[in-house]
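Beneath this line is the structure, given in C-alpha coordinates, with notes to follow.
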Amino acid sequence: MLVIRVCEWCYKHGAGKKWYLNSRNYIQETAEEVGAHEYIFELWKNFEKVYLQKIYGISARGPGYKFSYPLVGKFIKRYINSWFTKEKPLKGRNPRRAEGHPGQVVPLEDGKKILELAEPILKVNCACRHMTRGIKDACCLAFGALAEMVPKLPRYIPESGVEPLHIDEAQDFIEEMNHSGRVNTVWFGPVPYIAALCSCEYPECAATRIRMDYGLNALLKGEYVAKVDFSKCDGCQTCVSRCQFGALTFADSTNRPFIDVWKCYGCGLCATSCPQGAIQMVDRTSYPTLVEEW
Amino acid sequence: MKTDIIVDYEKCGDPRDCKKCMQICPSALFMMYSPDYESNDPDEWRVDVAFLDLCTRCLDCVKVCPNQAIRIK
(Lines give C-alpha, C1' and ligand atoms only; values in the text may rest on other atoms or scores of the structure.)
Protein backbone atom coordinates (compact mmCIF):
# COMPACT_ATOMS: atom_id res chain seq x y z
CA MET A 1 0.00 0.00 0.00
CA LEU A 2 1.31 3.42 -0.92
CA VAL A 3 1.09 5.90 1.88
CA ILE A 4 2.00 9.52 1.21
CA ARG A 5 3.90 10.38 4.34
CA VAL A 6 3.46 14.12 4.25
CA CYS A 7 0.41 16.18 4.94
CA GLU A 8 -1.85 16.79 1.96
CA TRP A 9 -1.21 20.54 1.89
CA CYS A 10 2.53 20.14 2.24
CA TYR A 11 2.39 17.85 -0.77
CA LYS A 12 0.33 20.32 -2.82
CA HIS A 13 1.60 23.69 -1.61
CA GLY A 14 4.82 22.98 0.25
CA ALA A 15 7.39 22.65 -2.56
CA GLY A 16 9.07 19.88 -0.57
CA LYS A 17 8.74 21.67 2.76
CA LYS A 18 5.92 22.22 5.20
CA TRP A 19 3.24 24.22 3.40
CA TYR A 20 3.57 27.23 5.65
CA LEU A 21 7.32 27.39 5.13
CA ASN A 22 7.01 27.78 1.37
CA SER A 23 7.64 31.45 0.59
CA ARG A 24 5.38 31.24 -2.47
CA ASN A 25 2.33 31.12 -0.19
CA TYR A 26 3.11 34.62 1.10
CA ILE A 27 3.82 36.63 -2.03
CA GLN A 28 1.67 39.25 -3.71
CA GLU A 29 1.25 37.15 -6.89
CA THR A 30 -0.36 34.34 -4.92
CA ALA A 31 -2.62 36.86 -3.17
CA GLU A 32 -3.80 38.16 -6.52
CA GLU A 33 -4.16 34.67 -7.96
CA VAL A 34 -6.62 33.65 -5.25
CA GLY A 35 -8.29 37.08 -4.93
CA ALA A 36 -7.15 37.37 -1.32
CA HIS A 37 -7.84 41.11 -0.95
CA GLU A 38 -11.54 40.92 -1.81
CA TYR A 39 -11.98 37.64 0.05
CA ILE A 40 -10.36 38.92 3.23
CA PHE A 41 -12.15 42.27 3.16
CA GLU A 42 -15.54 40.59 2.78
CA LEU A 43 -14.79 38.08 5.52
CA TRP A 44 -13.39 40.54 8.06
CA LYS A 45 -15.91 43.27 7.38
CA ASN A 46 -18.76 41.01 8.45
CA PHE A 47 -16.76 38.64 10.60
CA GLU A 48 -19.31 38.33 13.41
CA LYS A 49 -22.33 38.02 11.18
CA VAL A 50 -20.67 35.57 8.82
CA TYR A 51 -19.78 33.38 11.78
CA LEU A 52 -23.19 33.56 13.43
CA GLN A 53 -25.01 32.92 10.19
CA LYS A 54 -22.91 29.87 9.60
CA ILE A 55 -23.76 28.53 13.05
CA TYR A 56 -27.46 29.39 12.73
CA GLY A 57 -27.42 27.95 9.23
CA ILE A 58 -26.51 24.63 10.78
CA SER A 59 -29.02 25.04 13.61
CA ALA A 60 -30.37 27.95 15.64
CA ARG A 61 -30.44 25.61 18.65
CA GLY A 62 -26.73 24.85 18.38
CA PRO A 63 -24.99 22.56 15.89
CA GLY A 64 -24.92 19.72 18.42
CA TYR A 65 -28.63 19.01 17.88
CA LYS A 66 -28.28 18.81 14.11
CA PHE A 67 -25.15 16.70 14.16
CA SER A 68 -26.73 14.18 16.50
CA TYR A 69 -29.41 13.27 13.92
CA PRO A 70 -28.80 9.75 12.71
CA LEU A 71 -27.11 9.66 9.26
CA VAL A 72 -28.31 13.10 8.16
CA GLY A 73 -26.23 14.73 10.91
CA LYS A 74 -23.11 12.98 9.67
CA PHE A 75 -23.78 14.04 6.11
CA ILE A 76 -24.34 17.71 7.04
CA LYS A 77 -21.14 17.73 9.07
CA ARG A 78 -19.13 16.28 6.21
CA TYR A 79 -20.63 18.85 3.84
CA ILE A 80 -19.74 21.78 6.10
CA ASN A 81 -16.26 20.39 6.65
CA SER A 82 -15.70 20.37 2.91
CA TRP A 83 -16.04 24.19 2.86
CA PHE A 84 -12.97 24.84 4.98
CA THR A 85 -10.58 22.95 2.76
CA LYS A 86 -12.17 23.91 -0.54
CA GLU A 87 -9.50 24.74 -3.13
CA LYS A 88 -11.56 25.48 -6.21
CA PRO A 89 -12.19 27.83 -7.89
CA LEU A 90 -8.86 29.53 -7.20
CA LYS A 91 -10.56 32.91 -7.28
CA GLY A 92 -14.10 33.52 -6.10
CA ARG A 93 -14.57 31.16 -3.20
CA ASN A 94 -17.33 32.24 -0.85
CA PRO A 95 -15.97 34.13 2.20
CA ARG A 96 -19.38 33.96 3.88
CA ARG A 97 -18.93 30.20 4.16
CA ALA A 98 -15.22 30.56 5.06
CA GLU A 99 -14.43 28.45 2.00
CA GLY A 100 -10.71 27.74 1.92
CA HIS A 101 -10.12 29.55 5.23
CA PRO A 102 -8.93 26.99 7.76
CA GLY A 103 -6.13 27.41 10.26
CA GLN A 104 -3.49 25.09 11.55
CA VAL A 105 -1.73 24.85 14.88
CA VAL A 106 2.00 25.59 14.73
CA PRO A 107 4.65 25.28 17.41
CA LEU A 108 6.63 28.38 18.41
CA GLU A 109 9.72 27.47 16.37
CA ASP A 110 7.73 27.18 13.15
CA GLY A 111 5.83 30.36 14.00
CA LYS A 112 9.13 32.22 14.11
CA LYS A 113 10.11 30.80 10.72
CA ILE A 114 6.77 31.95 9.31
CA LEU A 115 7.51 35.50 10.46
CA GLU A 116 10.75 35.44 8.48
CA LEU A 117 8.74 34.83 5.31
CA ALA A 118 5.79 37.17 5.83
CA GLU A 119 5.80 40.85 4.90
CA PRO A 120 4.54 43.28 6.13
CA ILE A 121 3.61 42.12 9.64
CA LEU A 122 0.89 44.06 11.39
CA LYS A 123 -0.52 43.62 14.88
CA VAL A 124 -4.33 43.58 14.79
CA ASN A 125 -7.17 43.19 17.28
CA CYS A 126 -8.43 39.64 17.54
CA ALA A 127 -11.74 39.35 15.68
CA CYS A 128 -12.87 36.36 17.75
CA ARG A 129 -12.32 37.89 21.18
CA HIS A 130 -14.08 41.06 20.09
CA MET A 131 -17.03 38.95 19.05
CA THR A 132 -17.26 36.63 22.05
CA ARG A 133 -16.08 38.80 24.93
CA GLY A 134 -16.23 42.34 23.58
CA ILE A 135 -12.50 42.82 24.24
CA LYS A 136 -10.06 44.54 21.94
CA ASP A 137 -7.00 42.39 22.31
CA ALA A 138 -4.16 42.97 19.87
CA CYS A 139 -2.78 39.45 19.74
CA CYS A 140 -3.00 38.47 16.08
CA LEU A 141 -0.41 39.16 13.41
CA ALA A 142 -1.70 39.96 9.93
CA PHE A 143 0.37 39.57 6.77
CA GLY A 144 0.30 40.84 3.20
CA ALA A 145 -3.24 41.19 1.88
CA LEU A 146 -4.84 41.21 5.34
CA ALA A 147 -2.35 43.82 6.56
CA GLU A 148 -3.31 45.98 3.57
CA MET A 149 -7.03 45.63 4.33
CA VAL A 150 -6.94 46.25 8.09
CA PRO A 151 -6.63 50.08 7.87
CA LYS A 152 -10.05 50.03 6.19
CA LEU A 153 -11.57 48.09 9.09
CA PRO A 154 -11.43 50.40 12.13
CA ARG A 155 -12.49 47.90 14.79
CA TYR A 156 -9.41 45.73 14.20
CA ILE A 157 -6.87 48.56 14.39
CA PRO A 158 -5.05 48.29 17.72
CA GLU A 159 -4.28 51.27 19.98
CA SER A 160 -0.65 51.07 18.92
CA GLY A 161 -1.68 51.92 15.35
CA VAL A 162 -0.92 50.28 12.02
CA GLU A 163 2.85 50.54 12.08
CA PRO A 164 4.38 47.29 10.68
CA LEU A 165 6.43 45.23 13.12
CA HIS A 166 10.07 44.33 12.62
CA ILE A 167 10.73 40.57 12.38
CA ASP A 168 12.49 40.51 15.77
CA GLU A 169 9.63 42.37 17.45
CA ALA A 170 7.10 39.98 15.93
CA GLN A 171 9.11 36.93 16.99
CA ASP A 172 9.43 38.23 20.55
CA PHE A 173 5.72 38.93 20.52
CA ILE A 174 4.65 35.39 19.59
CA GLU A 175 7.11 34.02 22.13
CA GLU A 176 5.43 36.17 24.77
CA MET A 177 2.02 34.89 23.61
CA ASN A 178 3.27 31.31 23.76
CA HIS A 179 4.58 31.81 27.29
CA SER A 180 1.26 33.22 28.43
CA GLY A 181 -0.38 30.00 27.25
CA ARG A 182 -1.81 30.93 23.87
CA VAL A 183 -1.70 28.55 20.95
CA ASN A 184 0.06 29.84 17.83
CA THR A 185 -1.98 29.16 14.70
CA VAL A 186 -1.43 30.00 11.02
CA TRP A 187 -4.34 30.93 8.73
CA PHE A 188 -5.09 30.49 5.06
CA GLY A 189 -6.94 33.30 3.41
CA PRO A 190 -7.93 31.50 1.10
CA VAL A 191 -5.90 28.32 0.36
CA PRO A 192 -2.96 28.44 -0.46
CA TYR A 193 -2.37 32.09 0.46
CA ILE A 194 -1.27 32.64 4.07
CA ALA A 195 -2.78 35.67 5.77
CA ALA A 196 -2.24 35.57 9.53
CA LEU A 197 -0.58 34.10 12.57
CA CYS A 198 -2.91 34.16 15.57
CA SER A 199 -2.62 33.45 19.27
CA CYS A 200 -5.69 31.37 20.01
CA GLU A 201 -7.43 30.26 23.15
CA TYR A 202 -10.36 27.98 23.79
CA PRO A 203 -13.25 28.94 24.08
CA GLU A 204 -12.94 32.52 22.79
CA CYS A 205 -11.38 31.51 19.45
CA ALA A 206 -14.21 30.92 17.00
CA ALA A 207 -12.42 28.13 15.16
CA THR A 208 -11.03 26.31 18.19
CA ARG A 209 -14.53 26.33 19.62
CA ILE A 210 -16.23 24.65 16.68
CA ARG A 211 -13.36 22.20 16.30
CA MET A 212 -13.31 21.13 19.94
CA ASP A 213 -17.05 21.10 20.56
CA TYR A 214 -18.42 19.96 17.21
CA GLY A 215 -15.50 18.46 15.31
CA LEU A 216 -15.64 21.02 12.49
CA ASN A 217 -12.31 21.33 10.72
CA ALA A 218 -11.94 25.11 10.88
CA LEU A 219 -8.74 24.50 12.82
CA LEU A 220 -6.45 21.62 11.92
CA LYS A 221 -3.98 19.77 14.06
CA GLY A 222 -0.33 20.72 13.67
CA GLU A 223 2.49 18.94 11.88
CA TYR A 224 3.89 17.67 15.17
CA VAL A 225 2.91 15.77 18.28
CA ALA A 226 4.50 16.01 21.70
CA LYS A 227 6.58 13.20 23.19
CA VAL A 228 7.91 13.01 26.74
CA ASP A 229 11.37 11.72 27.51
CA PHE A 230 10.67 9.96 30.80
CA SER A 231 14.35 9.87 31.76
CA LYS A 232 14.69 13.66 31.55
CA CYS A 233 11.32 14.44 33.17
CA ASP A 234 11.46 15.03 36.93
CA GLY A 235 7.71 15.10 37.51
CA CYS A 236 7.43 18.84 38.29
CA GLN A 237 3.97 19.09 36.64
CA THR A 238 4.65 22.50 35.03
CA CYS A 239 3.30 21.23 31.69
CA VAL A 240 -0.01 20.04 33.13
CA SER A 241 -1.80 23.39 33.09
CA ARG A 242 -0.63 24.23 29.56
CA CYS A 243 -2.67 21.86 27.39
CA GLN A 244 -5.87 23.40 26.00
CA PHE A 245 -6.85 20.30 24.09
CA GLY A 246 -7.20 17.81 26.94
CA ALA A 247 -4.33 15.72 25.62
CA LEU A 248 -1.99 15.96 28.58
CA THR A 249 -2.73 14.58 32.02
CA PHE A 250 -0.44 13.77 34.91
CA ALA A 251 -0.23 10.15 35.97
CA ASP A 252 0.40 9.84 39.68
CA SER A 253 1.50 6.20 39.50
CA THR A 254 4.41 6.87 37.17
CA ASN A 255 4.98 10.47 38.37
CA ARG A 256 5.18 11.47 34.68
CA PRO A 257 2.78 13.25 32.31
CA PHE A 258 0.76 11.17 29.90
CA ILE A 259 0.22 12.60 26.42
CA ASP A 260 -2.64 11.23 24.36
CA VAL A 261 -1.16 11.65 20.86
CA TRP A 262 -4.58 11.17 19.27
CA LYS A 263 -5.78 14.32 21.02
CA CYS A 264 -2.50 16.25 20.72
CA TYR A 265 -2.67 19.27 18.39
CA GLY A 266 1.08 19.79 18.35
CA CYS A 267 1.05 23.35 19.67
CA GLY A 268 4.14 22.71 21.78
CA LEU A 269 2.92 24.70 24.79
CA CYS A 270 3.89 21.82 27.07
CA ALA A 271 7.34 21.63 25.47
CA THR A 272 8.09 25.35 25.80
CA SER A 273 7.10 25.31 29.47
CA CYS A 274 9.19 22.28 30.48
CA PRO A 275 12.14 23.39 32.65
CA GLN A 276 13.99 20.13 31.91
CA GLY A 277 13.43 20.22 28.16
CA ALA A 278 11.97 16.74 28.47
CA ILE A 279 9.18 17.22 25.91
CA GLN A 280 10.11 16.98 22.23
CA MET A 281 7.93 17.83 19.26
CA VAL A 282 8.15 14.96 16.78
CA ASP A 283 6.77 14.90 13.25
CA ARG A 284 3.20 13.68 13.15
CA THR A 285 4.00 11.76 10.00
CA SER A 286 6.60 9.69 11.84
CA TYR A 287 3.63 7.82 13.36
CA PRO A 288 2.05 5.73 10.59
CA THR A 289 -1.34 5.83 12.31
CA LEU A 290 -1.40 9.61 12.78
CA VAL A 291 -0.70 10.46 9.14
CA GLU A 292 -4.36 11.01 8.47
CA GLU A 293 -5.18 12.56 11.82
CA TRP A 294 -5.46 16.29 11.21
CA MET B 1 -33.04 19.57 27.49
CA LYS B 2 -33.54 22.26 24.89
CA THR B 3 -32.66 25.76 25.94
CA ASP B 4 -33.65 29.05 24.43
CA ILE B 5 -32.07 32.34 25.45
CA ILE B 6 -33.98 35.42 24.37
CA VAL B 7 -32.42 38.88 24.35
CA ASP B 8 -34.87 41.79 24.32
CA TYR B 9 -33.17 44.34 22.09
CA GLU B 10 -35.48 47.13 23.22
CA LYS B 11 -34.20 46.80 26.76
CA CYS B 12 -30.60 45.92 25.88
CA GLY B 13 -28.51 49.01 25.19
CA ASP B 14 -25.27 49.16 23.24
CA PRO B 15 -23.46 45.90 24.05
CA ARG B 16 -20.12 47.59 23.40
CA ASP B 17 -20.59 49.72 26.55
CA CYS B 18 -21.91 46.95 28.77
CA LYS B 19 -20.77 43.49 27.61
CA LYS B 20 -21.51 42.07 31.07
CA CYS B 21 -23.26 38.97 29.72
CA MET B 22 -20.46 38.28 27.26
CA GLN B 23 -17.82 38.42 29.94
CA ILE B 24 -19.66 36.52 32.65
CA CYS B 25 -20.81 33.53 30.58
CA PRO B 26 -18.70 30.57 31.77
CA SER B 27 -19.16 28.86 28.41
CA ALA B 28 -18.54 32.04 26.33
CA LEU B 29 -21.76 31.60 24.36
CA PHE B 30 -22.68 35.25 23.78
CA MET B 31 -21.66 36.81 20.50
CA MET B 32 -21.71 40.44 19.52
CA TYR B 33 -22.59 41.19 15.92
CA SER B 34 -23.85 44.03 13.80
CA PRO B 35 -27.02 43.60 11.75
CA ASP B 36 -25.54 46.11 9.31
CA TYR B 37 -24.00 43.96 6.59
CA GLU B 38 -22.64 46.71 4.38
CA SER B 39 -20.69 49.02 6.69
CA ASN B 40 -17.04 48.34 7.50
CA ASP B 41 -17.39 50.30 10.75
CA PRO B 42 -20.93 49.56 11.96
CA ASP B 43 -22.50 51.58 14.74
CA GLU B 44 -25.36 49.27 15.67
CA TRP B 45 -24.45 46.17 17.67
CA ARG B 46 -26.43 43.35 19.23
CA VAL B 47 -25.70 40.34 21.38
CA ASP B 48 -27.04 36.95 20.53
CA VAL B 49 -26.34 33.42 21.64
CA ALA B 50 -24.81 30.75 19.49
CA PHE B 51 -24.22 27.15 20.59
CA LEU B 52 -27.38 26.89 22.70
CA ASP B 53 -26.67 23.19 23.09
CA LEU B 54 -23.66 24.09 25.25
CA CYS B 55 -25.68 26.26 27.66
CA THR B 56 -25.66 24.89 31.20
CA ARG B 57 -28.52 27.12 32.40
CA CYS B 58 -26.45 28.62 35.19
CA LEU B 59 -28.49 31.86 34.76
CA ASP B 60 -25.44 34.05 35.38
CA CYS B 61 -26.37 36.17 32.33
CA VAL B 62 -29.92 36.72 33.55
CA LYS B 63 -28.64 37.84 36.95
CA VAL B 64 -25.91 40.12 35.62
CA CYS B 65 -27.96 42.00 33.01
CA PRO B 66 -28.55 45.55 34.33
CA ASN B 67 -31.61 46.00 32.08
CA GLN B 68 -33.30 42.62 32.63
CA ALA B 69 -33.11 42.05 28.90
CA ILE B 70 -32.20 38.33 28.98
CA ARG B 71 -34.77 35.61 29.38
CA ILE B 72 -34.24 31.84 29.39
CA LYS B 73 -36.88 29.39 28.27
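Identifiers in the C-alpha coordinates: chain A, B, ... in order shown; residue index from 1 per chain; ligand index from 1 in order shown.
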
* If we count only C-alpha atoms, which residues of chain A reach to within 7 Å of chain B? Please list them as a PyMOL selection string. -> chain A and resi 45-46+48-49+52+55+61-65+131-134+153-155+203-204

Just N, CA and C atoms for this one: save the residues we selected as a JSON list (two decimals), in the first residue's frame.
[["chain", "number", "residue", "atom", "x", "y", "z"],
["A", 45, "LYS", "N", -14.93, 42.19, 7.24],
["A", 45, "LYS", "CA", -15.91, 43.27, 7.38],
["A", 45, "LYS", "C", -17.13, 42.77, 8.16],
["A", 46, "ASN", "N", -17.56, 41.57, 7.83],
["A", 46, "ASN", "CA", -18.76, 41.01, 8.45],
["A", 46, "ASN", "C", -18.44, 39.81, 9.31],
["A", 48, "GLU", "N", -18.39, 38.85, 12.39],
["A", 48, "GLU", "CA", -19.31, 38.33, 13.41],
["A", 48, "GLU", "C", -20.55, 37.73, 12.77],
["A", 49, "LYS", "N", -21.09, 38.48, 11.79],
["A", 49, "LYS", "CA", -22.33, 38.02, 11.18],
["A", 49, "LYS", "C", -22.12, 36.78, 10.32],
["A", 52, "LEU", "N", -21.91, 33.91, 12.84],
["A", 52, "LEU", "CA", -23.19, 33.56, 13.43],
["A", 52, "LEU", "C", -24.14, 32.93, 12.42],
["A", 55, "ILE", "N", -23.30, 29.37, 11.94],
["A", 55, "ILE", "CA", -23.76, 28.53, 13.05],
["A", 55, "ILE", "C", -25.28, 28.36, 12.99],
["A", 61, "ARG", "N", -30.49, 26.17, 17.29],
["A", 61, "ARG", "CA", -30.44, 25.61, 18.65],
["A", 61, "ARG", "C", -29.04, 25.12, 19.01],
["A", 62, "GLY", "N", -28.08, 25.35, 18.14],
["A", 62, "GLY", "CA", -26.73, 24.85, 18.38],
["A", 62, "GLY", "C", -26.46, 23.66, 17.49],
["A", 63, "PRO", "N", -25.29, 23.63, 16.86],
["A", 63, "PRO", "CA", -24.99, 22.56, 15.89],
["A", 63, "PRO", "C", -25.08, 21.16, 16.47],
["A", 64, "GLY", "N", -24.90, 21.03, 17.79],
["A", 64, "GLY", "CA", -24.92, 19.72, 18.42],
["A", 64, "GLY", "C", -26.21, 18.96, 18.14],
["A", 65, "TYR", "N", -27.34, 19.67, 18.13],
["A", 65, "TYR", "CA", -28.63, 19.01, 17.88],
["A", 65, "TYR", "C", -28.68, 18.43, 16.47],
["A", 131, "MET", "N", -15.69, 39.50, 19.25],
["A", 131, "MET", "CA", -17.03, 38.95, 19.05],
["A", 131, "MET", "C", -17.56, 38.26, 20.30],
["A", 132, "THR", "N", -16.73, 37.42, 20.94],
["A", 132, "THR", "CA", -17.26, 36.63, 22.05],
["A", 132, "THR", "C", -17.20, 37.32, 23.40],
["A", 133, "ARG", "N", -16.21, 38.18, 23.61],
["A", 133, "ARG", "CA", -16.08, 38.80, 24.93],
["A", 133, "ARG", "C", -16.13, 40.32, 24.89],
["A", 134, "GLY", "N", -16.18, 40.89, 23.70],
["A", 134, "GLY", "CA", -16.23, 42.34, 23.58],
["A", 134, "GLY", "C", -14.90, 43.01, 23.92],
["A", 153, "LEU", "N", -10.65, 48.73, 8.15],
["A", 153, "LEU", "CA", -11.57, 48.09, 9.09],
["A", 153, "LEU", "C", -11.27, 48.56, 10.51],
["A", 154, "PRO", "N", -11.85, 49.73, 10.89],
["A", 154, "PRO", "CA", -11.43, 50.40, 12.13],
["A", 154, "PRO", "C", -11.47, 49.55, 13.40],
["A", 155, "ARG", "N", -12.41, 48.59, 13.51],
["A", 155, "ARG", "CA", -12.49, 47.90, 14.79],
["A", 155, "ARG", "C", -11.34, 46.93, 15.04],
["A", 203, "PRO", "N", -12.22, 29.03, 25.09],
["A", 203, "PRO", "CA", -13.25, 28.94, 24.08],
["A", 203, "PRO", "C", -13.44, 30.21, 23.24],
["A", 204, "GLU", "N", -12.68, 31.26, 23.50],
["A", 204, "GLU", "CA", -12.94, 32.52, 22.79],
["A", 204, "GLU", "C", -12.70, 32.40, 21.28]]

* Who sits within 10 Å of Glu32 in chain A, only C-alpha atoms, same chain under 4 positions skipped, as a VMD selection string -> chain A and resid 27 to 28 36 to 38 91 145 193

For Lys113 in chain A: contacts at 8 Å, only C-alpha atoms, fewer than 4 positions along chain excluded, given as a PDB file with N, CA and C atoms, in the first residue's frame:
ATOM      1  N   LEU A  21       5.950  26.898   5.245  1.00  0.00           N
ATOM      2  CA  LEU A  21       7.323  27.386   5.126  1.00  0.00           C
ATOM      3  C   LEU A  21       7.721  27.620   3.673  1.00  0.00           C
ATOM      4  N   GLU A 109       8.570  27.428  17.290  1.00  0.00           N
ATOM      5  CA  GLU A 109       9.720  27.465  16.370  1.00  0.00           C
ATOM      6  C   GLU A 109       9.282  27.719  14.936  1.00  0.00           C
ATOM      7  N   LEU A 117       9.205  34.851   6.699  1.00  0.00           N
ATOM      8  CA  LEU A 117       8.737  34.834   5.310  1.00  0.00           C
ATOM      9  C   LEU A 117       7.692  35.903   5.024  1.00  0.00           C
TER      10      LEU A 117
END

* To do: Just give me the gap between CA of Gly100 in chain A and CA of Lys86 in chain A in Å, one decimal is fine.
  =>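 It comes out at 4.8 Å.
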
* List every residue of chain B that DSSP, applied to the backbone of this structure, assigns to helix (DSSP H, G or I), and report them as a list of chain:residue names. =>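 Output for chain B, helix (DSSP H, G or I) only: B:Pro15, B:Arg16, B:Asp17, B:Cys18, B:Lys20, B:Cys21, B:Met22, B:Gln23, B:Ile24, B:Leu52, B:Asp53, B:Leu54, B:Asp60, B:Cys61, B:Val62, B:Lys63, B:Val64.
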
* **Proximity to Cys12 in chain B - best of B:Ile72, B:Thr56, B:Arg46, B:Val62, only C-alpha atoms** => B:Arg46

* Members of range 68-232 of chain A assigned strand (DSSP E or B) by DSSP, as a ChimeraX atom specification -> /A:103-105,121-125,138-143,165,183-188,194-200,219-220,224-228
